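Structure below is model00.tsv: TSV, C-alpha atoms.
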```
chain	number	residue	atom	x	y	z
A	1	ASP	CA	-16.47	2.38	5.75
A	2	ARG	CA	-14.01	5.23	5.83
A	3	ILE	CA	-10.89	3.30	6.78
A	4	LYS	CA	-10.03	-0.29	5.98
A	5	VAL	CA	-6.99	-2.15	7.22
A	6	ALA	CA	-5.47	-4.91	5.13
A	7	VAL	CA	-2.55	-7.10	6.17
A	8	ARG	CA	-0.31	-8.91	3.72
A	9	LYS	CA	1.89	-11.69	5.03
A	10	ARG	CA	5.23	-12.10	3.35
A	11	PRO	CA	6.97	-15.45	3.02
A	12	LEU	CA	10.14	-16.20	4.92
A	13	PHE	CA	13.23	-15.05	3.07
A	14	LYS	CA	15.66	-17.71	1.86
A	15	LYS	CA	18.16	-16.53	4.48
A	16	GLU	CA	15.55	-17.01	7.22
A	17	VAL	CA	14.76	-20.53	6.03
A	18	GLU	CA	18.48	-21.42	5.86
A	19	ARG	CA	18.92	-20.10	9.39
A	20	GLY	CA	16.12	-22.39	10.56
A	21	ASP	CA	13.77	-19.55	11.48
A	22	VAL	CA	10.20	-20.64	12.13
A	23	ASP	CA	7.20	-19.00	10.47
A	24	VAL	CA	4.98	-17.93	13.35
A	25	LEU	CA	2.15	-16.43	11.31
A	26	GLN	CA	-0.80	-18.13	9.66
A	27	ALA	CA	-2.96	-16.08	7.28
A	28	ASP	CA	-6.40	-17.33	6.31
A	29	ASN	CA	-6.70	-15.16	3.16
A	30	ALA	CA	-9.90	-13.72	4.54
A	31	GLN	CA	-9.85	-11.63	7.69
A	32	SER	CA	-7.62	-13.17	10.33
A	33	ILE	CA	-3.98	-13.77	11.13
A	34	THR	CA	-2.88	-16.15	13.84
A	35	VAL	CA	0.39	-15.56	15.68
A	36	LEU	CA	1.89	-18.80	16.96
A	37	GLU	CA	3.86	-17.98	20.09
A	38	PRO	CA	6.21	-20.74	21.27
A	39	LYS	CA	6.21	-21.04	25.07
A	40	THR	CA	7.68	-23.27	27.73
A	41	LYS	CA	5.88	-24.38	30.91
A	42	VAL	CA	7.57	-24.50	34.30
A	43	ASP	CA	8.17	-28.25	33.82
A	44	LEU	CA	9.95	-27.38	30.51
A	45	THR	CA	7.12	-28.76	28.39
A	46	ARG	CA	6.94	-26.81	25.15
A	47	TYR	CA	3.64	-25.59	23.74
A	48	THR	CA	2.32	-22.99	21.34
A	49	GLU	CA	-0.08	-20.26	22.31
A	50	GLU	CA	-2.25	-18.93	19.48
A	51	HIS	CA	-3.29	-15.28	19.19
A	52	ASP	CA	-5.87	-14.34	16.56
A	53	PHE	CA	-6.02	-10.84	15.04
A	54	PHE	CA	-8.81	-9.67	12.74
A	55	PHE	CA	-8.64	-7.14	9.89
A	56	ASP	CA	-10.77	-6.02	6.96
A	57	GLU	CA	-8.57	-8.01	4.58
A	58	VAL	CA	-5.83	-10.58	5.16
A	59	LEU	CA	-3.70	-11.67	2.23
A	60	GLY	CA	-1.42	-14.67	2.55
A	61	GLU	CA	2.09	-15.03	1.21
A	62	GLU	CA	0.85	-16.78	-1.94
A	63	CYS	CA	-1.24	-13.75	-3.00
A	64	SER	CA	0.06	-11.85	-6.02
A	65	ASN	CA	0.10	-8.06	-6.27
A	66	GLN	CA	-2.81	-8.41	-8.72
A	67	GLN	CA	-4.84	-10.22	-6.05
A	68	VAL	CA	-3.91	-7.56	-3.48
A	69	PHE	CA	-5.03	-4.88	-5.94
A	70	ASP	CA	-8.29	-6.67	-6.78
A	71	ARG	CA	-9.25	-6.86	-3.11
A	72	CYS	CA	-7.82	-3.61	-1.79
A	73	GLY	CA	-7.01	-1.19	-4.61
A	74	ALA	CA	-9.76	-1.70	-7.19
A	75	PRO	CA	-12.55	-0.64	-4.80
A	76	LEU	CA	-10.64	2.60	-4.15
A	77	VAL	CA	-10.24	3.31	-7.87
A	78	LYS	CA	-13.95	2.70	-8.38
A	79	TYR	CA	-14.78	5.03	-5.48
A	80	VAL	CA	-12.70	7.84	-6.99
A	81	ILE	CA	-13.79	7.30	-10.61
A	82	GLU	CA	-17.44	7.39	-9.57
A	83	ARG	CA	-16.69	10.75	-7.91
A	84	GLN	CA	-17.72	9.55	-4.48
A	85	GLY	CA	-14.62	11.11	-2.92
A	86	LYS	CA	-10.88	10.85	-2.54
A	87	ALA	CA	-8.96	7.74	-1.55
A	88	SER	CA	-5.51	6.85	-0.25
A	89	CYS	CA	-3.65	3.58	-0.10
A	90	PHE	CA	-0.35	3.25	1.70
A	91	CYS	CA	1.88	0.61	3.22
A	92	TYR	CA	3.30	0.63	6.69
A	93	GLY	CA	5.81	-1.80	8.13
A	94	GLN	CA	9.36	-2.45	9.15
A	95	THR	CA	12.27	-2.66	6.73
A	96	GLY	CA	12.04	-5.83	4.67
A	97	SER	CA	8.32	-6.34	5.27
A	98	GLY	CA	7.38	-6.01	1.58
A	99	LYS	CA	6.14	-2.43	1.21
A	100	THR	CA	8.15	-1.66	-1.93
A	101	HIS	CA	7.35	-5.06	-3.46
A	102	THR	CA	3.63	-4.43	-2.93
A	103	MET	CA	3.48	-0.80	-4.05
A	104	MET	CA	6.19	-0.62	-6.76
A	105	GLY	CA	6.30	-4.27	-7.83
A	106	ASN	CA	9.18	-5.96	-9.59
A	107	PRO	CA	9.82	-7.39	-13.07
A	108	GLY	CA	6.94	-9.65	-13.99
A	109	GLN	CA	4.71	-8.49	-11.14
A	110	PRO	CA	3.57	-4.87	-11.29
A	111	GLY	CA	2.83	-3.12	-8.02
A	112	LEU	CA	-0.31	-1.41	-6.80
A	113	TYR	CA	0.72	2.00	-8.17
A	114	PHE	CA	0.87	0.67	-11.72
A	115	LEU	CA	-2.22	-1.51	-11.34
A	116	ALA	CA	-4.26	1.42	-10.00
A	117	ALA	CA	-3.06	3.73	-12.77
A	118	ALA	CA	-3.79	1.11	-15.44
A	119	ASP	CA	-7.28	0.65	-13.99
A	120	VAL	CA	-7.92	4.41	-14.05
A	121	PHE	CA	-6.90	4.65	-17.71
A	122	ARG	CA	-8.89	1.50	-18.58
A	123	VAL	CA	-12.07	2.88	-16.99
A	124	LYS	CA	-11.45	6.30	-18.53
A	125	ALA	CA	-11.31	4.74	-22.01
A	126	GLU	CA	-14.22	2.30	-21.49
A	127	ARG	CA	-16.62	4.93	-20.16
A	128	GLY	CA	-15.69	7.61	-22.65
A	129	TYR	CA	-14.21	10.02	-20.12
A	130	GLY	CA	-11.94	11.50	-22.77
A	131	ASP	CA	-12.16	14.96	-21.21
A	132	MET	CA	-11.10	13.71	-17.77
A	133	GLY	CA	-7.49	14.51	-16.96
A	134	VAL	CA	-5.28	12.38	-14.74
A	135	TRP	CA	-2.82	14.33	-12.63
A	136	VAL	CA	-0.16	13.21	-10.20
A	137	SER	CA	1.71	14.89	-7.38
A	138	PHE	CA	4.30	13.22	-5.22
A	139	PHE	CA	5.53	14.49	-1.87
A	140	GLU	CA	7.41	13.11	1.09
A	141	ILE	CA	7.04	13.82	4.77
A	142	TYR	CA	10.42	13.35	6.41
A	143	GLY	CA	11.52	14.63	9.79
A	144	GLY	CA	8.33	16.69	10.08
A	145	LYS	CA	9.05	18.53	6.81
A	146	LEU	CA	7.38	18.25	3.40
A	147	TYR	CA	9.30	17.83	0.14
A	148	ASP	CA	8.03	17.91	-3.46
A	149	LEU	CA	9.48	14.82	-5.13
A	150	LEU	CA	8.54	15.99	-8.64
A	151	ASN	CA	10.23	19.36	-8.19
A	152	ASP	CA	13.83	18.71	-6.99
A	153	ARG	CA	12.75	18.03	-3.38
A	154	ARG	CA	11.60	21.62	-2.98
A	155	LYS	CA	10.41	22.32	0.57
A	156	LEU	CA	6.65	22.69	0.93
A	157	VAL	CA	4.26	23.82	3.63
A	158	ALA	CA	0.85	22.50	4.62
A	159	ARG	CA	-1.88	25.04	5.37
A	160	ALA	CA	-5.54	24.67	6.28
A	161	ASP	CA	-7.98	26.82	4.34
A	162	ALA	CA	-11.13	28.49	5.72
A	163	LYS	CA	-12.99	25.16	5.54
A	164	GLN	CA	-10.18	23.41	7.45
A	165	VAL	CA	-9.11	21.48	4.34
A	166	VAL	CA	-5.36	20.90	4.36
A	167	ASN	CA	-3.56	22.09	1.23
A	168	ILE	CA	0.07	21.45	0.33
A	169	VAL	CA	1.15	24.89	-0.87
A	170	GLY	CA	3.33	24.91	-3.99
A	171	LEU	CA	3.03	21.18	-4.69
A	172	ARG	CA	3.70	20.48	-8.35
A	173	GLU	CA	0.98	18.57	-10.18
A	174	GLN	CA	1.71	16.99	-13.53
A	175	GLU	CA	-0.73	15.54	-16.02
A	176	VAL	CA	-0.04	11.94	-17.01
A	177	SER	CA	-1.14	10.21	-20.20
A	178	SER	CA	-0.73	6.53	-19.25
A	179	ALA	CA	0.10	4.15	-16.44
A	180	HIS	CA	3.66	3.88	-17.78
A	181	HIS	CA	4.01	7.69	-17.78
A	182	LEU	CA	2.85	7.78	-14.15
A	183	MET	CA	5.41	5.13	-13.19
A	184	GLU	CA	8.18	7.12	-14.91
A	185	LEU	CA	7.31	10.08	-12.69
A	186	LEU	CA	7.15	7.97	-9.54
A	187	ASN	CA	10.51	6.40	-10.34
A	188	ALA	CA	11.99	9.86	-10.96
A	189	GLY	CA	10.56	11.04	-7.65
```
Encoded form using structure tokens:
Amino acid sequence: DRIKVAVRKRPLFKKEVERGDVDVLQADNAQSITVLEPKTKVDLTRYTEEHDFFFDEVLGEECSNQQVFDRCGAPLVKYVIERQGKASCFCYGQTGSGKTHTMMGNPGQPGLYFLAAADVFRVKAERGYGDMGVWVSFFEIYGGKLYDLLNDRRKLVARADAKQVVNIVGLREQEVSSAHHLMELLNAG
């Protein structure tokens, strides 16, 4: 499979619970999410309509970042380490949906960036890939423009080469020596 879609359900925030908001999502921790849509019939009888949505992975609110990584990130690291190709993992969602919590983590629960980097360095050491370098670059696409986040937000351009491979011209790449070093760079960016 070239593209996999995973959905992580976040718990209601304390403020939402205090307000009396109702959780309208049920995650099965496998491949489906059910949206519970409250409705009212013409005779004012209330009922709930259920809508099921299916994805490659569904992770419920009780899943830790480690569990998210094990199911979604670790296979990507393995794919790259075994030189089968390149891989990307990103989060998409509205403000407050848990993207930063998932990717960057918080005290006591590292995010996917750290877990992936730690896995790369673990595999590198276990398999004796001492000559393999680990490099990081970090850029942002904002308002249709590219910025190098490891080089003072320097403007960049994307160009396709003769083989139609897109290259980010002038993007700074920096070698990293550990998962903690990588996180320092990401935090700086």
Just want the 12 Å neighbourhood of region 41-51 of chain A, counted on all atoms listed in the file, with same-chain residues fewer than 6 positions away dropped. Output as a ChimeraX atom specification.
/A:24-27,32-35
Those same residues - C-alpha atoms - I'd like them written as a PDB file, in the coordinates of the input.
```pdb
ATOM      1  CA  VAL A  24       4.980 -17.930  13.350  1.00  0.00           C
ATOM      2  CA  LEU A  25       2.150 -16.430  11.310  1.00  0.00           C
ATOM      3  CA  GLN A  26      -0.800 -18.130   9.660  1.00  0.00           C
ATOM      4  CA  ALA A  27      -2.960 -16.080   7.280  1.00  0.00           C
ATOM      5  CA  SER A  32      -7.620 -13.170  10.330  1.00  0.00           C
ATOM      6  CA  ILE A  33      -3.980 -13.770  11.130  1.00  0.00           C
ATOM      7  CA  THR A  34      -2.880 -16.150  13.840  1.00  0.00           C
ATOM      8  CA  VAL A  35       0.390 -15.560  15.680  1.00  0.00           C
TER       9      VAL A  35
END
```
Hey, what's within 12 Å of Gly130 (chain A) if we count only C-alpha atoms and toss same-chain stuff fewer than 5 positions away? As an MDAnalysis selection string, please?
chainID A and resid 120:125 177
Could you dump the residues just selected with C-alpha atoms as an mmCIF file, keeping the file's coordinate frame?
```cif
data_model
loop_
_atom_site.group_PDB
_atom_site.id
_atom_site.type_symbol
_atom_site.label_atom_id
_atom_site.label_comp_id
_atom_site.auth_asym_id
_atom_site.auth_seq_id
_atom_site.Cartn_x
_atom_site.Cartn_y
_atom_site.Cartn_z
ATOM 1 C CA VAL A 120 -7.920 4.410 -14.050
ATOM 2 C CA PHE A 121 -6.900 4.650 -17.710
ATOM 3 C CA ARG A 122 -8.890 1.500 -18.580
ATOM 4 C CA VAL A 123 -12.070 2.880 -16.990
ATOM 5 C CA LYS A 124 -11.450 6.300 -18.530
ATOM 6 C CA ALA A 125 -11.310 4.740 -22.010
ATOM 7 C CA SER A 177 -1.140 10.210 -20.200
#
```
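Shortest atom-to-atom contact with Asp152 (chain A) among A:Gly96, A:Gly60, A:Pro38, A:Gly189: A:Gly189, counting only C-alpha atoms.
CA of Phe53 (chain A) to CA of Lys15 (chain A) spans 27.0 Å [interatomic distance, one decimal].
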Residues near Asn29 (chain A), anyone? I mean within 12 Å using only C-alpha atoms, not counting same-chain ones fewer than 3 positions away, as number ranges by chain.
A: 6-9, 26, 32-34, 54-64, 67-68, 71
